[in-house]
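Content type CSV, C-alpha atoms, from the file data_37.csv:
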chain,number,residue,atom,x,y,z
A,1,MET,CA,112.3,117.8,92.4
A,2,LYS,CA,109.2,116.4,94.2
A,3,TYR,CA,108.4,112.7,94.5
A,4,ALA,CA,105.0,111.1,94.9
A,5,VAL,CA,104.4,107.3,95.4
A,6,ILE,CA,100.9,106.1,94.8
A,7,LEU,CA,100.8,102.7,96.5
A,8,CYS,CA,97.7,100.9,95.3
A,9,ASP,CA,97.5,98.0,97.8
A,10,GLY,CA,96.7,94.7,96.2
A,11,MET,CA,95.8,96.2,92.8
A,12,SER,CA,97.5,93.5,90.7
A,13,ASP,CA,95.4,90.5,89.9
A,14,LEU,CA,94.7,87.5,87.7
A,15,PRO,CA,92.3,87.3,84.7
A,16,CYS,CA,88.8,86.8,85.9
A,17,ASP,CA,85.9,85.2,84.1
A,18,GLU,CA,83.6,87.7,85.7
A,19,LEU,CA,85.6,90.5,83.9
A,20,GLY,CA,85.7,88.8,80.5
A,21,GLY,CA,89.0,87.1,81.1
A,22,LYS,CA,90.7,90.3,82.0
A,23,THR,CA,92.2,91.7,85.2
A,24,PRO,CA,90.7,94.7,87.1
A,25,MET,CA,93.7,96.9,85.9
A,26,GLN,CA,92.8,96.0,82.3
A,27,VAL,CA,89.1,96.7,82.7
A,28,ALA,CA,89.4,99.9,84.7
A,29,ASN,CA,89.0,103.2,83.0
A,30,LYS,CA,92.3,104.9,84.1
A,31,PRO,CA,93.3,107.4,81.4
A,32,ASN,CA,95.8,109.2,83.6
A,33,MET,CA,97.8,106.1,84.5
A,34,ASP,CA,97.7,104.9,80.9
A,35,THR,CA,98.9,108.3,79.6
A,36,LEU,CA,101.8,108.3,82.1
A,37,ALA,CA,102.7,104.7,81.1
A,38,ARG,CA,103.4,105.7,77.5
A,39,GLN,CA,106.1,108.1,78.7
A,40,ALA,CA,107.4,106.3,81.8
A,41,GLU,CA,109.6,103.4,82.7
A,42,VAL,CA,107.3,100.4,83.0
A,43,GLY,CA,108.1,97.0,84.3
A,44,LEU,CA,107.7,94.3,86.9
A,45,VAL,CA,109.2,94.2,90.4
A,46,ARG,CA,109.3,91.4,92.9
A,47,THR,CA,108.4,92.9,96.3
A,48,VAL,CA,108.2,89.6,98.3
A,49,PRO,CA,111.2,87.3,98.7
A,50,ASP,CA,110.4,83.6,98.4
A,51,THR,CA,111.1,82.9,102.1
A,52,LEU,CA,108.8,85.6,103.5
A,53,PRO,CA,105.0,85.8,103.7
A,54,PRO,CA,103.3,87.8,100.9
A,55,GLY,CA,101.8,90.4,103.2
A,56,SER,CA,101.5,94.2,103.0
A,57,ASP,CA,104.2,94.4,105.7
A,58,VAL,CA,106.9,92.7,103.7
A,59,ALA,CA,105.8,94.2,100.4
A,60,ASN,CA,105.6,97.8,101.6
A,61,LEU,CA,108.9,97.6,103.3
A,62,SER,CA,110.3,96.6,99.8
A,63,VAL,CA,108.6,99.5,98.0
A,64,LEU,CA,109.8,101.9,100.6
A,65,GLY,CA,113.3,100.8,100.0
A,66,TYR,CA,114.0,98.6,103.0
A,67,ASP,CA,115.2,95.1,102.4
A,68,PRO,CA,112.7,92.9,104.2
A,69,MET,CA,115.2,90.1,104.6
A,70,LYS,CA,117.1,92.5,106.8
A,71,TYR,CA,114.4,94.5,108.5
A,72,TYR,CA,111.3,92.3,108.7
A,73,THR,CA,110.5,91.1,112.2
A,74,GLY,CA,106.7,90.4,111.9
A,75,ARG,CA,103.6,92.5,111.1
A,76,SER,CA,102.2,93.4,114.4
A,77,PRO,CA,105.3,95.3,115.8
A,78,PHE,CA,104.7,98.1,113.2
A,79,GLU,CA,101.0,98.3,114.1
A,80,ALA,CA,101.8,98.4,117.8
A,81,VAL,CA,104.0,101.5,117.3
A,82,SER,CA,101.2,103.2,115.5
A,83,MET,CA,98.9,102.5,118.5
A,84,GLY,CA,101.4,104.2,120.8
A,85,ILE,CA,102.6,100.9,122.4
A,86,ASP,CA,106.2,101.1,123.7
A,87,LEU,CA,107.5,97.6,123.1
A,88,GLU,CA,110.2,96.1,125.3
A,89,PRO,CA,112.9,94.0,123.6
A,90,ASP,CA,111.4,90.7,124.8
A,91,ASP,CA,107.8,91.6,124.1
A,92,VAL,CA,106.0,89.8,121.3
A,93,ALA,CA,103.3,91.9,119.5
A,94,ILE,CA,100.5,89.8,117.9
A,95,ARG,CA,97.8,91.2,115.5
A,96,CYS,CA,94.3,90.6,117.0
A,97,ASN,CA,91.5,90.7,114.5
A,98,LEU,CA,87.9,90.8,115.5
A,99,VAL,CA,86.2,88.2,113.3
A,100,ARG,CA,82.8,86.6,112.8
A,101,LEU,CA,82.7,82.9,112.8
A,102,SER,CA,79.7,80.7,112.1
A,103,ASP,CA,77.7,79.8,115.3
A,104,GLU,CA,78.6,76.3,116.3
A,105,LYS,CA,78.6,74.3,119.5
A,106,CYS,CA,82.3,73.5,119.1
A,107,PHE,CA,84.8,76.2,118.3
A,108,ARG,CA,86.7,74.0,115.8
A,109,ASP,CA,83.6,73.3,113.8
A,110,ALA,CA,83.2,77.0,113.0
A,111,LYS,CA,83.8,78.6,109.6
A,112,MET,CA,85.4,82.0,109.0
A,113,LEU,CA,82.5,84.1,107.8
A,114,SER,CA,84.2,87.6,108.1
A,115,TYR,CA,87.8,88.4,108.8
A,116,CYS,CA,86.8,91.9,109.6
A,117,ALA,CA,83.6,91.2,111.7
A,118,ASP,CA,81.6,92.9,108.9
A,119,ASP,CA,83.6,96.1,109.1
A,120,ILE,CA,82.8,96.6,112.8
A,121,HIS,CA,83.0,100.3,113.8
A,122,THR,CA,85.8,101.4,116.0
A,123,PRO,CA,83.8,102.5,119.1
A,124,GLU,CA,82.0,99.1,119.3
A,125,ALA,CA,85.3,97.3,118.7
A,126,ALA,CA,87.0,99.2,121.5
A,127,ASP,CA,84.3,98.1,123.9
A,128,ILE,CA,84.8,94.5,122.8
A,129,ILE,CA,88.6,94.6,123.2
A,130,ALA,CA,88.2,96.1,126.7
A,131,ARG,CA,85.9,93.2,127.6
A,132,VAL,CA,88.3,90.6,126.1
A,133,ASN,CA,91.2,92.2,128.0
A,134,LYS,CA,89.2,92.1,131.3
A,135,GLU,CA,88.2,88.4,130.7
A,136,LEU,CA,91.4,87.1,129.2
A,137,GLY,CA,94.2,89.6,129.7
A,138,SER,CA,96.8,89.5,132.4
A,139,GLU,CA,100.1,91.1,133.4
A,140,VAL,CA,101.8,88.8,130.8
A,141,MET,CA,99.2,89.2,128.0
A,142,ARG,CA,97.4,92.5,127.4
A,143,PHE,CA,95.1,93.6,124.6
A,144,TYR,CA,95.2,97.1,123.0
A,145,PRO,CA,92.4,98.6,120.9
A,146,GLY,CA,93.1,99.8,117.4
A,147,ILE,CA,90.8,100.8,114.5
A,148,SER,CA,87.8,98.8,113.3
A,149,TYR,CA,88.7,95.1,113.4
A,150,ARG,CA,92.5,95.6,113.7
A,151,HIS,CA,93.9,95.4,117.3
A,152,CYS,CA,96.9,94.1,119.2
A,153,LEU,CA,98.0,91.7,121.8
A,154,ILE,CA,101.3,92.2,123.7
A,155,TRP,CA,102.8,89.0,125.1
A,156,LYS,CA,105.7,89.6,127.5
A,157,ASN,CA,108.5,87.1,126.9
A,158,GLY,CA,106.2,85.4,124.4
A,159,ASN,CA,106.9,82.9,121.7
A,160,LEU,CA,107.7,83.5,118.1
A,161,ASP,CA,107.3,81.2,115.0
A,162,LEU,CA,103.7,80.4,116.0
A,163,GLY,CA,102.6,79.6,112.4
A,164,LEU,CA,99.3,81.4,112.9
A,165,THR,CA,97.2,81.9,109.8
A,166,PRO,CA,95.9,85.3,108.7
A,167,PRO,CA,92.1,85.2,108.8
A,168,HIS,CA,91.7,86.7,105.3
A,169,ASP,CA,93.5,83.7,103.9
A,170,ILE,CA,90.7,81.3,105.0
A,171,ALA,CA,87.5,83.1,104.2
A,172,GLY,CA,84.6,80.7,104.1
A,173,GLU,CA,86.7,77.8,105.4
A,174,LYS,CA,86.3,75.6,108.4
A,175,ILE,CA,88.9,76.7,111.0
A,176,ALA,CA,89.7,73.2,112.4
A,177,ASP,CA,93.0,72.8,110.4
A,178,TYR,CA,94.2,76.3,111.6
A,179,VAL,CA,93.7,76.0,115.3
A,180,LYS,CA,95.7,72.9,116.2
A,181,ALA,CA,97.6,73.7,119.4
A,182,ASN,CA,101.2,72.8,120.1
A,183,GLU,CA,103.6,73.8,122.9
A,184,ARG,CA,104.2,77.2,121.3
A,185,THR,CA,100.7,78.1,120.4
A,186,GLY,CA,98.7,76.5,123.2
A,187,LYS,CA,98.0,79.7,125.2
A,188,ILE,CA,97.1,81.7,122.1
A,189,LEU,CA,94.6,79.2,120.7
A,190,GLU,CA,93.1,78.7,124.2
A,191,MET,CA,92.4,82.5,124.3
A,192,MET,CA,90.8,82.4,120.8
A,193,GLU,CA,88.5,79.5,121.9
A,194,LYS,CA,87.5,81.2,125.1
A,195,SER,CA,86.7,84.4,123.3
A,196,TYR,CA,84.3,82.5,121.0
A,197,GLU,CA,82.3,81.7,124.2
A,198,ILE,CA,82.6,85.1,125.7
A,199,LEU,CA,81.5,87.0,122.5
A,200,ARG,CA,78.9,84.5,121.3
A,201,GLY,CA,76.0,86.1,119.5
A,202,GLY,CA,77.7,89.4,118.6
A,203,GLN,CA,78.7,91.0,115.4
A,204,ALA,CA,82.3,90.1,116.3
A,205,ASN,CA,82.1,86.7,118.0
A,206,CYS,CA,85.8,85.8,118.2
A,207,ILE,CA,89.3,87.1,118.3
A,208,TRP,CA,91.8,85.8,115.8
A,209,LEU,CA,95.5,86.1,116.6
A,210,TRP,CA,98.3,86.2,114.0
A,211,GLY,CA,101.2,88.2,112.6
A,212,GLU,CA,103.6,88.0,115.6
A,213,GLY,CA,106.9,89.7,115.9
A,214,LYS,CA,109.3,91.6,118.1
A,215,LYS,CA,110.3,95.3,118.2
A,216,ALA,CA,111.3,96.6,114.7
A,217,GLY,CA,113.9,99.1,113.7
A,218,LEU,CA,114.5,101.0,110.4
A,219,VAL,CA,117.1,103.4,109.2
A,220,PRO,CA,115.5,106.8,109.0
A,221,PHE,CA,114.2,107.4,105.4
A,222,LYS,CA,116.0,110.7,105.1
A,223,GLN,CA,119.3,109.1,106.2
A,224,GLU,CA,118.9,106.4,103.6
A,225,TYR,CA,117.6,108.4,100.7
A,226,GLY,CA,118.4,112.1,101.5
A,227,LEU,CA,114.7,113.1,101.3
A,228,ASN,CA,112.2,114.5,103.8
A,229,ALA,CA,109.2,112.2,103.5
A,230,SER,CA,105.6,112.0,104.6
A,231,MET,CA,103.3,109.0,105.0
A,232,ILE,CA,99.5,109.0,104.2
A,233,SER,CA,97.6,105.8,105.2
A,234,ALA,CA,94.5,104.7,106.9
A,235,VAL,CA,96.0,101.6,108.4
A,236,ASP,CA,98.2,101.1,111.5
A,237,LEU,CA,100.7,99.0,109.7
A,238,LEU,CA,101.8,101.7,107.3
A,239,LYS,CA,101.5,104.4,110.0
A,240,GLY,CA,103.8,102.3,112.2
A,241,ILE,CA,106.4,101.8,109.4
A,242,GLY,CA,106.2,105.6,108.7
A,243,ILE,CA,106.8,106.4,112.4
A,244,ILE,CA,109.8,104.0,112.7
A,245,ALA,CA,111.3,105.4,109.4
A,246,GLU,CA,110.9,108.9,110.9
A,247,MET,CA,108.5,110.0,108.1
A,248,GLU,CA,105.9,112.7,108.9
A,249,LEU,CA,102.6,111.0,109.5
A,250,LEU,CA,99.6,112.8,108.0
A,251,HIS,CA,96.1,112.3,109.3
A,252,VAL,CA,93.2,112.4,106.8
A,253,ASP,CA,89.6,112.6,108.1
A,254,GLY,CA,87.5,110.0,106.5
A,255,ALA,CA,90.4,107.7,105.6
A,256,THR,CA,88.9,104.2,106.1
A,257,GLY,CA,91.1,101.7,104.3
A,258,TYR,CA,88.2,100.7,102.0
A,259,ILE,CA,86.5,102.0,98.9
A,260,ASP,CA,84.6,104.6,100.9
A,261,THR,CA,87.9,106.2,101.9
A,262,ASN,CA,88.6,109.9,101.4
A,263,PHE,CA,90.5,109.8,98.2
A,264,ALA,CA,90.4,113.5,97.7
A,265,GLY,CA,91.6,114.1,101.3
A,266,LYS,CA,94.6,111.8,100.7
A,267,ALA,CA,95.6,113.6,97.5
A,268,GLU,CA,95.2,117.0,99.2
A,269,ALA,CA,97.4,115.9,102.2
A,270,ALA,CA,100.1,114.7,99.8
A,271,ILE,CA,100.0,117.8,97.7
A,272,ASN,CA,100.1,120.1,100.8
A,273,SER,CA,103.0,118.1,102.2
A,274,LEU,CA,105.0,118.5,99.0
A,275,LYS,CA,104.2,122.1,98.6
A,276,ASN,CA,105.2,122.9,102.2
A,277,GLY,CA,108.7,121.4,102.2
A,278,LYS,CA,108.5,117.6,102.0
A,279,ASP,CA,110.4,116.0,99.2
A,280,LEU,CA,108.5,112.8,98.9
A,281,ALA,CA,104.9,111.7,99.8
A,282,TYR,CA,104.0,108.0,100.2
A,283,ILE,CA,100.2,107.7,99.5
A,284,HIS,CA,99.0,104.2,100.6
A,285,ILE,CA,95.6,103.3,99.4
A,286,GLU,CA,94.1,100.1,100.9
A,287,ALA,CA,90.9,99.9,98.9
A,288,PRO,CA,91.9,97.5,96.0
A,289,ASP,CA,93.3,95.1,98.5
A,290,GLU,CA,90.1,95.0,100.7
A,291,CYS,CA,88.0,94.5,97.6
A,292,GLY,CA,90.2,91.6,96.5
A,293,HIS,CA,89.9,89.9,99.9
A,294,ARG,CA,86.1,90.3,99.7
A,295,GLY,CA,85.8,89.1,96.1
A,296,GLU,CA,84.2,92.3,95.0
A,297,PHE,CA,84.9,92.5,91.3
A,298,ALA,CA,83.1,95.7,90.5
A,299,ASN,CA,84.4,97.5,93.5
A,300,LYS,CA,88.0,96.6,92.8
A,301,VAL,CA,87.7,98.0,89.3
A,302,LYS,CA,86.0,101.1,90.8
A,303,SER,CA,88.7,101.6,93.4
A,304,ILE,CA,91.4,101.7,90.6
A,305,GLU,CA,89.3,104.2,88.7
A,306,LEU,CA,88.9,106.4,91.8
A,307,ILE,CA,92.7,106.4,92.4
A,308,ASP,CA,93.2,107.5,88.8
A,309,GLU,CA,90.4,110.0,88.7
A,310,ILE,CA,90.9,111.6,92.1
A,311,VAL,CA,94.4,111.0,93.5
A,312,LEU,CA,96.6,110.9,90.4
A,313,ARG,CA,94.7,113.6,88.5
A,314,SER,CA,94.9,115.9,91.5
A,315,ILE,CA,98.6,115.5,91.8
A,316,LEU,CA,99.2,116.0,88.1
A,317,LYS,CA,97.1,119.2,88.2
A,318,ALA,CA,98.8,120.5,91.3
A,319,PHE,CA,102.3,120.1,89.9
A,320,LYS,CA,101.6,121.1,86.3
A,321,GLY,CA,104.7,123.0,85.0
A,322,GLU,CA,106.8,121.8,88.0
A,323,ARG,CA,109.3,118.9,88.2
A,324,VAL,CA,107.8,115.9,89.7
A,325,LYS,CA,108.4,112.1,89.6
A,326,ILE,CA,105.6,109.7,90.2
A,327,LEU,CA,105.9,106.0,91.1
A,328,ILE,CA,102.7,103.9,90.8
A,329,ALA,CA,102.6,100.3,91.9
A,330,PRO,CA,100.8,97.7,94.0
A,331,ASP,CA,102.6,96.2,96.9
A,332,HIS,CA,101.5,92.7,96.1
A,333,PRO,CA,98.7,91.0,94.1
A,334,THR,CA,95.4,90.2,95.8
A,335,PRO,CA,93.6,88.1,93.2
A,336,LEU,CA,89.8,88.2,93.4
A,337,CYS,CA,89.6,84.5,92.6
A,338,LEU,CA,91.8,83.6,95.6
A,339,LYS,CA,90.8,86.4,98.0
A,340,THR,CA,94.3,86.5,99.5
A,341,HIS,CA,97.8,87.7,98.7
A,342,THR,CA,100.3,86.1,96.3
A,343,ARG,CA,104.0,86.8,95.9
A,344,ASP,CA,104.0,87.3,92.1
A,345,PRO,CA,105.9,90.3,90.7
A,346,VAL,CA,103.8,93.4,90.4
A,347,PRO,CA,103.7,96.1,87.7
A,348,PHE,CA,105.2,99.5,88.3
A,349,LEU,CA,105.7,102.8,86.4
A,350,ILE,CA,108.1,105.6,87.1
A,351,TRP,CA,107.2,108.9,85.3
A,352,ASP,CA,109.3,112.0,85.3
A,353,SER,CA,107.7,115.3,84.2
A,354,GLY,CA,111.1,116.5,83.1
A,355,VAL,CA,111.6,113.8,80.6
A,356,SER,CA,109.3,114.4,77.6
A,357,ASP,CA,110.9,112.2,74.9
A,358,LYS,CA,110.7,108.8,76.7
A,359,ASP,CA,108.7,106.0,74.9
A,360,SER,CA,108.0,103.0,77.1
A,361,GLY,CA,106.6,101.0,74.2
A,362,VAL,CA,103.3,100.4,75.9
A,363,SER,CA,100.0,102.2,75.7
A,364,VAL,CA,98.3,101.1,78.9
A,365,PHE,CA,99.3,100.3,82.5
A,366,ASP,CA,98.5,96.7,83.6
A,367,GLU,CA,100.1,93.4,84.5
A,368,TYR,CA,100.7,92.3,80.9
A,369,SER,CA,101.9,95.6,79.4
A,370,ALA,CA,104.4,95.8,82.3
A,371,ALA,CA,105.7,92.2,81.6
A,372,SER,CA,106.0,93.0,77.9
A,373,THR,CA,108.7,95.7,78.4
A,374,GLY,CA,111.3,93.2,79.7
A,375,VAL,CA,112.1,95.5,82.6
A,376,TYR,CA,112.3,93.4,85.8
A,377,ILE,CA,113.6,94.2,89.3
A,378,GLU,CA,114.3,91.1,91.2
A,379,LYS,CA,114.9,92.8,94.6
A,380,GLY,CA,112.0,95.0,95.4
A,381,HIS,CA,113.8,97.2,97.8
A,382,GLU,CA,116.0,98.5,94.9
A,383,LEU,CA,112.9,100.1,93.3
A,384,MET,CA,113.0,103.2,95.7
A,385,ARG,CA,116.7,103.8,94.9
A,386,ARG,CA,115.9,103.6,91.2
A,387,PHE,CA,113.0,106.0,91.7
A,388,THR,CA,114.8,108.6,93.7
A,389,ASN,CA,118.2,108.3,92.0
A,390,ALA,CA,119.6,108.0,95.5
A,391,ASP,CA,123.0,106.8,94.3

How would this structure read if it were set down as structure tokens?
Amino acid sequence: MKYAVILCDGMSDLPCDELGGKTPMQVANKPNMDTLARQAEVGLVRTVPDTLPPGSDVANLSVLGYDPMKYYTGRSPFEAVSMGIDLEPDDVAIRCNLVRLSDEKCFRDAKMLSYCADDIHTPEAADIIARVNKELGSEVMRFYPGISYRHCLIWKNGNLDLGLTPPHDIAGEKIADYVKANERTGKILEMMEKSYEILRGGQANCIWLWGEGKKAGLVPFKQEYGLNASMISAVDLLKGIGIIAEMELLHVDGATGYIDTNFAGKAEAAINSLKNGKDLAYIHIEAPDECGHRGEFANKVKSIELIDEIVLRSILKAFKGERVKILIAPDHPTPLCLKTHTRDPVPFLIWDSGVSDKDSGVSVFDEYSAASTGVYIEKGHELMRRFTNAD
């Protein structure tokens, strides 16, 4: 038996006037997902507990079968591991976005124009982070370069519970309400304000710090589920989770985390991994989430269609006549009308090629067909055990 997880980040949505009162999943032409849905277990799963933030960190931990109430320590520690940073127990890792704010005399009067500095390229971003580290870094606080707009600050013996706001949550908003210093955040916000002066006039004209946490630990995936697994993703967060869970990390040229990603390369990497000894491949595709954050209606629909046409179809073709189980789900919703994550339950389907007589009672795969089945998993981390029959 082989297992493939197709994690469509942020795919779930709300009805949109721009899409005729439908969701992107309802509008998208996705014949392969819809065909599987008719013969699969289809339902809803809650991936984000009420007391945790609705981020990809919490939600992907859930889908991977790790209870976030037990394992979640913050987003940035996972990203730090992917960047090769060896965290000490008292280190606090903080996500550092390169962003573009409106050009104002006063930092607090600025608006968040782009949480990703207009998709800044990695070489240019590395130069900026090196400059920021030279100007603002110290033995206590050091900046590390990542990919595109995603970077990291390590704060030795730093503070937690900073209450910092993800920049993608405040697109187009004035930042004044989100940069109010207190005794825990003073140093952090001071650096953000100084960076606004240092980087003024550039494509990325400020750093934005958020997502703090301490060193994370996970039980190895094989130990927990008895399966050798691989991770395919373009983003440091998922790579870091995969490294800590002792999954094989697969690199795909041209994987960007956006709609221009190498869909075919991701599918090929997963297929080769499963054909060459791995039991499970976790294929994380960021594109629907990024389109949701940017309010790109047509691109979000297109990203779902590309996942169906390229990734899912390739896996079905490669394992035709073989026993394979496929799990398809978002990690969380990223509604186009909100441009940020919510913690609402998400649709999932589990299809087993060895079960030919199953009738789900639905003819398509979307938020509403999933809700109509009455299948509901309250604790998201139980989904993986259900998928793999680990018990």

Give me the residues of range 121-210 of chain A that have any atom at most 12 Å from an atom of range 67-87 of chain A; for each, the nearest atom pair and the distance in Å, rounded to one decimal. Use all atoms listed in the file, sort by chain and number, and format it as a Markdown table.
| residue | atom | partner | partner_atom | distance |
| --- | --- | --- | --- | --- |
| A:Arg142 | CA | A:Ile85 | CA | 11.1 |
| A:Phe143 | CA | A:Ala80 | CA | 10.7 |
| A:Tyr144 | CA | A:Met83 | CA | 7.9 |
| A:Pro145 | CA | A:Met83 | CA | 8.0 |
| A:Gly146 | CA | A:Met83 | CA | 6.5 |
| A:Ile147 | CA | A:Met83 | CA | 9.2 |
| A:Arg150 | CA | A:Glu79 | CA | 8.9 |
| A:His151 | CA | A:Glu79 | CA | 8.3 |
| A:Cys152 | CA | A:Ala80 | CA | 6.7 |
| A:Leu153 | CA | A:Ser76 | CA | 8.7 |
| A:Ile154 | CA | A:Leu87 | CA | 8.2 |
| A:Trp155 | CA | A:Leu87 | CA | 10.0 |
| A:Lys156 | CA | A:Leu87 | CA | 9.3 |
| A:Asn157 | CA | A:Leu87 | CA | 11.2 |
| A:Leu160 | CA | A:Gly74 | CA | 9.3 |
| A:Asp161 | CA | A:Gly74 | CA | 9.7 |
| A:Leu162 | CA | A:Gly74 | CA | 11.2 |
| A:Gly163 | CA | A:Gly74 | CA | 11.6 |
| A:Leu164 | CA | A:Gly74 | CA | 11.7 |
| A:Pro166 | CA | A:Arg75 | CA | 10.8 |
| A:Leu209 | CA | A:Ser76 | CA | 10.1 |
| A:Trp210 | CA | A:Ser76 | CA | 8.2 |

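Minimum distance to Ser114 in chain A across A:Asp344, A:Asp169, A:Glu286, A:Asp9 (counting only C-alpha atoms) occurs at A:Asp169.
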
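Pairwise distance (CA of Val362 in chain A, CA of Met33 in chain A) equals 11.7 Å.
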
query: If you count all atoms listed in the file, which residues fall within 12 Å of range 12-15 of chain A, apart from same-chain ones fewer than 2 positions away, as a ChimeraX atom specification?
result: /A:7-10,17-28,44-45,288-289,291-293,295,297,300-301,304,328-348,365-368,370

- prompt: Which residues come within 12 Å of Ala181 in chain A, counting all atoms listed in the file, excluding same-chain residues fewer than 6 positions away, as a list of chain:residue names?
  reply: A:Arg108, A:Leu162, A:Gly163, A:Leu164, A:Lys187, A:Ile188, A:Leu189, A:Glu190, A:Met191, A:Met192, A:Glu193

Suppose we keep C-alpha atoms; can you now write the selection as a short mmCIF file (atom, residue, chain, number, x, y, z; two decimals), keeping the file's coordinate frame?
data_model
loop_
_atom_site.label_atom_id
_atom_site.label_comp_id
_atom_site.auth_asym_id
_atom_site.auth_seq_id
_atom_site.Cartn_x
_atom_site.Cartn_y
_atom_site.Cartn_z
CA ARG A 108 86.70 74.00 115.80
CA LEU A 162 103.70 80.40 116.00
CA GLY A 163 102.60 79.60 112.40
CA LEU A 164 99.30 81.40 112.90
CA LYS A 187 98.00 79.70 125.20
CA ILE A 188 97.10 81.70 122.10
CA LEU A 189 94.60 79.20 120.70
CA GLU A 190 93.10 78.70 124.20
CA MET A 191 92.40 82.50 124.30
CA MET A 192 90.80 82.40 120.80
CA GLU A 193 88.50 79.50 121.90
#

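Neighbours of range 379-387 of chain A closer than or equal to 9 Å, with all atoms listed in the file counted and sequence neighbours fewer than 6 positions away skipped, come out as A:Tyr3, A:Val45, A:Arg46, A:Thr47, A:Val48, A:Pro49, A:Ala59, A:Leu61, A:Ser62, A:Val63, A:Leu64, A:Gly65, A:Tyr66, A:Asp67, A:Pro68, A:Tyr225, A:Lys325, A:Ile326, A:Leu327, A:Ile350.
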
- prompt: Which distance in Å separates CA of Cys116 in chain A and CA of Ile283 in chain A, to one decimal?
  reply: 23.0 Å

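If you measure from each of A:Asn228, A:Asn276, A:Ser195, A:Thr165 to Ile128 in chain A using only C-alpha atoms, the closest one turns out to be A:Ser195.
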
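Of note, CA of Gly172 in chain A and CA of Ala117 in chain A are spaced 13.0 Å apart.
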
message: Set the distance at 12 Å and use all atoms listed in the file: which residues neighbour Leu249 in chain A once local chain neighbours fewer than 2 positions away are removed? I'd like the list as a ChimeraX atom specification.
response: /A:82,228-236,238-247,251-252,266,269-270,273,278,281-284

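Counting all atoms listed in the file, the residue from A:Glu268, A:Glu197, A:Asp57, A:Glu139 that sits nearest to Leu250 in chain A is A:Glu268.
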
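With distances taken over all atoms listed in the file, A:Leu237 is the one residue among A:Lys302, A:His121, A:Lys275, A:Leu237 lying closest to Arg95 in chain A.
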
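Nearest residue to Trp208 in chain A among A:Asn389, A:Ser353, A:Asn97, A:Ser56 is A:Asn97, counting all atoms listed in the file.
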
- line: Closest of A:Ile259, A:Ala371, A:Ile310, A:Ile6 to Glu290 in chain A, counting all atoms listed in the file, is A:Ile259
